[in-house]
Each structure stands twice: as structure tokens, then as C-alpha cells.
Amino acid sequence: MQYRRAKISGGTYFFTVVTYNRREILCIPANVDLLREVFRKVLIKHPFKIDAMVVLPDHLHCIWTLPPGDSDFSMRWRLIKNYFSRKCVGRVEKQNQQNVGWVELAKPNNHIGSVQKQNQAQFTTPSRLKKKEQPVWQRRFWEHFSRDDQDFISYVEYIHYNPVRHGLVTAPRDWKYSSFHRYVREGMYDPEWGAGIKMEFESTVGGE
């Protein structure tokens with residue numbers, strides 16, 4: 001069966017984007033900085049609103065709202081992935097750089113150090129070699145159209161709890177590459193939200 005994406009002009013979408021072979025490269029500081037640069041570049045030429053976002057070592061989740069009359073999130077992701085892929089290989093080798101975090105800075109996380117020490121060997125497939133692609137991202141991404149306010153809230157909470165779900169921290173406040181800190185500053189979350197509890201989500205949420 002052919003996969004079809006739901007494209008609705010001006011819609012709000014949740015996305016899951018994963019690295020190739022689940023390589024844990026996204027939270028290396030230089031690559032975090034590169035992601036920020038790439039998103040800014042695409043946002044200038046092709047605006048959209050980032051409602052929520054979290055970057056984990058091998059994948060990221062985010063919610064976008066597109067402008068009225070625009071449904072082309074695929075083009076934006078293609079640009080983001082291409083721009084990042086062209087530069088991240090050289091950046092990955094510079095693991096001693098100390099750059100700022102993705103969205104906000106919070107408490108340091110020891111998991112990042114272990115990520116930085118991992119083997120950075122490249123993985124290739126014949127089809128990727130033929131197309132001269134750098135094996136950085138999985139080719140596809142998962143998207144979900146936000147149907148209503150409750151659906152939107154569920155996915156925002158899934159994003160902000162995700163580092164806890166993956167065992168990276170024990171509280172959302174302790175993961176620095178997350179829009180959680182913006183939500184706290186704006187009074188939408190208590191700083192202790194999600195700490196010390198196990199949150200459950202429907203199996204259809206997340207696309208992981």
C-alpha cells in the first residue's frame with residue numbers, strides 16, 4: 001500500500017525524524033548548534049511556527065504550524081535534512097567544541113558525554129551511494145495532523161516527557177534540548193511537571 005501524507009493548508013503537525021541506523025549524533029554540541037542554524041535558515045525563507053520541540057541523541061520530535069494556504073512541510077524537512085547532512089559529518093569529528101544548546105540551557109546531562117565518545121563510522125547502502133547521499137537521516141519521517149486542542153496537548157506532553165521516557169533524565173526540566181523550558185517561563189508548566197511520575201500515552205502517539 002502506498003503511504004500518503006495528510007497535507008492540510010495552515011495545519012498543525014507533529015513530526016518524528018530519526019537518524020540513519022539510530023546513530024546518536026544529534027546531541028553532540030556542534031551538531032546541536034548546526035541544527036539551530038539550519039532551522040533558522042529554513043524559517044527565514046519558508047516560515048512556520050515551532051510549537052514544541054525536543055532533540056534526543058538519535059531522533060527529534062516537534063510540532064509545527066504552517067502559514068495559511070501552505071501545506072508543504074515535506075519541502076521544509078527536505079531542506080533541513082539536506083543542509084544538516086552536508087555539514088554534520090565534519091562537525092561530528094569536532095567533539096571538543098562547547099556550543100550552546102538547542103532551545104534552552106538547563107542542568108548538564110552526563111549522557112551527552114557518552115554520546116560524544118561513540119564510534120562515528122559512516123554507514124552506507126548501494127542506493128545511497130548511487131544518489132551520493134550522506135547516511136545521516138532515515139529517508140522517511142512520521143507525521144500526524146493535529147485534529148483538535150486535546151490532540152495537540154497530548155503531543156506537546158509527549159514531546160516534553162520524551163527524554164524521561166527514554167531514560168535520559170528523571171524529569172523534563174533536566175533535559176536542555178527541549179522547549180519545555182520556554183513553556184515553564186511562559187507559565188504553562190510548573191518546573192516540576194513530569195518529575196517522579198510515569199506518564200502513559202496511547203500507542204499511536206509518537207511514531208517511534
# chains A, B, ... in the order shown; residues from 1 in each chain; ligands from 1
$ residues_around --residues "A:His144" --least-positions-apart "4" --cutoff "7 Å" --atoms "only C-alpha atoms" --output "list in words"
Tyr13, Phe14 and Phe15 of chain A
$ residues_around --residues "A:Val18" --least-positions-apart "4" --cutoff "7 Å" --atoms "only C-alpha atoms" --output "number ranges by chain"
A: 22, 58-60, 137-138
$ write_last_selection --atoms "C-alpha atoms" --output "PDB file, in the first residue's frame"
ATOM      1  CA  ARG A  22      19.694   5.335  15.067  1.00  0.00           C
ATOM      2  CA  ASP A  58      19.094   9.688  17.707  1.00  0.00           C
ATOM      3  CA  HIS A  59      15.802  11.410  16.878  1.00  0.00           C
ATOM      4  CA  LEU A  60      13.775  14.541  17.323  1.00  0.00           C
ATOM      5  CA  TRP A 137      18.822  10.590   8.368  1.00  0.00           C
ATOM      6  CA  GLN A 138      16.272   7.908   7.767  1.00  0.00           C
TER       7      GLN A 138
END
$ closest_residue --among "A:Thr12, A:Phe84, A:Tyr20, A:Val54" --to "A:Pro67" --atoms "only C-alpha atoms"
A:Thr12
$ residues_around --residues "A:Val184" --least-positions-apart "5" --cutoff "12 Å" --atoms "only C-alpha atoms" --output "JSON, numbers by chain"
{"A": [104, 106, 160, 172, 173, 178, 179, 189, 190, 191, 192, 193]}
$ atom_distance --atom1 "atom CA of A:Ala195" --atom2 "atom CA of A:Thr170"
6.3 Å
$ select_by_dssp --residues "stretch 33-80 of chain A" --states "helix (DSSP H, G or I)" --output "list in words"
Asp33, Leu34, Leu35, Arg36, Glu37, Val38, Phe39, Arg40, Lys41, Val42, Leu43, Ile44, Lys45, Phe73, Ser74, Met75, Arg76, Trp77, Arg78, Leu79 and Ile80 of chain A
$ write_last_selection --atoms "N, CA and C atoms" --output "PDB file, in the first residue's frame"
ATOM      1  N   ASP A  33      24.268  22.855  17.518  1.00  0.00           N
ATOM      2  CA  ASP A  33      24.425  24.216  17.002  1.00  0.00           C
ATOM      3  C   ASP A  33      24.089  24.269  15.514  1.00  0.00           C
ATOM      4  N   LEU A  34      24.489  23.251  14.786  1.00  0.00           N
ATOM      5  CA  LEU A  34      24.186  23.188  13.361  1.00  0.00           C
ATOM      6  C   LEU A  34      22.680  23.074  13.123  1.00  0.00           C
ATOM      7  N   LEU A  35      21.995  22.268  13.913  1.00  0.00           N
ATOM      8  CA  LEU A  35      20.542  22.157  13.784  1.00  0.00           C
ATOM      9  C   LEU A  35      19.870  23.512  13.970  1.00  0.00           C
ATOM     10  N   ARG A  36      20.296  24.235  14.970  1.00  0.00           N
ATOM     11  CA  ARG A  36      19.723  25.564  15.210  1.00  0.00           C
ATOM     12  C   ARG A  36      19.944  26.473  14.003  1.00  0.00           C
ATOM     13  N   GLU A  37      21.159  26.451  13.455  1.00  0.00           N
ATOM     14  CA  GLU A  37      21.478  27.263  12.287  1.00  0.00           C
ATOM     15  C   GLU A  37      20.607  26.886  11.089  1.00  0.00           C
ATOM     16  N   VAL A  38      20.444  25.587  10.881  1.00  0.00           N
ATOM     17  CA  VAL A  38      19.667  25.098   9.738  1.00  0.00           C
ATOM     18  C   VAL A  38      18.199  25.484   9.871  1.00  0.00           C
ATOM     19  N   PHE A  39      17.627  25.303  11.054  1.00  0.00           N
ATOM     20  CA  PHE A  39      16.227  25.679  11.253  1.00  0.00           C
ATOM     21  C   PHE A  39      16.028  27.174  11.017  1.00  0.00           C
ATOM     22  N   ARG A  40      16.940  27.992  11.510  1.00  0.00           N
ATOM     23  CA  ARG A  40      16.812  29.434  11.302  1.00  0.00           C
ATOM     24  C   ARG A  40      16.832  29.769   9.817  1.00  0.00           C
ATOM     25  N   LYS A  41      17.734  29.122   9.083  1.00  0.00           N
ATOM     26  CA  LYS A  41      17.855  29.388   7.653  1.00  0.00           C
ATOM     27  C   LYS A  41      16.557  29.049   6.922  1.00  0.00           C
ATOM     28  N   VAL A  42      15.985  27.888   7.235  1.00  0.00           N
ATOM     29  CA  VAL A  42      14.755  27.467   6.568  1.00  0.00           C
ATOM     30  C   VAL A  42      13.579  28.348   6.996  1.00  0.00           C
ATOM     31  N   LEU A  43      13.528  28.710   8.266  1.00  0.00           N
ATOM     32  CA  LEU A  43      12.436  29.555   8.759  1.00  0.00           C
ATOM     33  C   LEU A  43      12.398  30.917   8.081  1.00  0.00           C
ATOM     34  N   ILE A  44      13.560  31.452   7.745  1.00  0.00           N
ATOM     35  CA  ILE A  44      13.606  32.757   7.085  1.00  0.00           C
ATOM     36  C   ILE A  44      12.959  32.687   5.709  1.00  0.00           C
ATOM     37  N   LYS A  45      13.282  31.654   4.947  1.00  0.00           N
ATOM     38  CA  LYS A  45      12.777  31.539   3.574  1.00  0.00           C
ATOM     39  C   LYS A  45      11.392  30.906   3.505  1.00  0.00           C
ATOM     40  N   PHE A  73       5.109  20.853   4.262  1.00  0.00           N
ATOM     41  CA  PHE A  73       6.107  20.530   5.282  1.00  0.00           C
ATOM     42  C   PHE A  73       7.198  19.621   4.726  1.00  0.00           C
ATOM     43  N   SER A  74       6.887  18.827   3.706  1.00  0.00           N
ATOM     44  CA  SER A  74       7.888  17.919   3.131  1.00  0.00           C
ATOM     45  C   SER A  74       9.067  18.692   2.553  1.00  0.00           C
ATOM     46  N   MET A  75       8.799  19.789   1.868  1.00  0.00           N
ATOM     47  CA  MET A  75       9.866  20.609   1.326  1.00  0.00           C
ATOM     48  C   MET A  75      10.750  21.155   2.435  1.00  0.00           C
ATOM     49  N   ARG A  76      10.138  21.614   3.516  1.00  0.00           N
ATOM     50  CA  ARG A  76      10.912  22.157   4.628  1.00  0.00           C
ATOM     51  C   ARG A  76      11.803  21.091   5.249  1.00  0.00           C
ATOM     52  N   TRP A  77      11.263  19.899   5.460  1.00  0.00           N
ATOM     53  CA  TRP A  77      12.086  18.830   6.031  1.00  0.00           C
ATOM     54  C   TRP A  77      13.208  18.419   5.084  1.00  0.00           C
ATOM     55  N   ARG A  78      12.923  18.425   3.798  1.00  0.00           N
ATOM     56  CA  ARG A  78      13.973  18.087   2.829  1.00  0.00           C
ATOM     57  C   ARG A  78      15.121  19.085   2.925  1.00  0.00           C
ATOM     58  N   LEU A  79      14.799  20.376   3.012  1.00  0.00           N
ATOM     59  CA  LEU A  79      15.842  21.386   3.142  1.00  0.00           C
ATOM     60  C   LEU A  79      16.617  21.232   4.448  1.00  0.00           C
ATOM     61  N   ILE A  80      15.896  21.031   5.545  1.00  0.00           N
ATOM     62  CA  ILE A  80      16.550  20.882   6.853  1.00  0.00           C
ATOM     63  C   ILE A  80      17.496  19.691   6.847  1.00  0.00           C
TER      64      ILE A  80
END
$ atom_distance --atom1 "atom CA of A:Lys198" --atom2 "atom CA of A:Gln150"
19.8 Å
$ select_by_dssp --residues "stretch 5-59 of chain A" --states "strand (DSSP E)" --output "VMD selection string"
chain A and resid 12 to 18 49 to 55 59
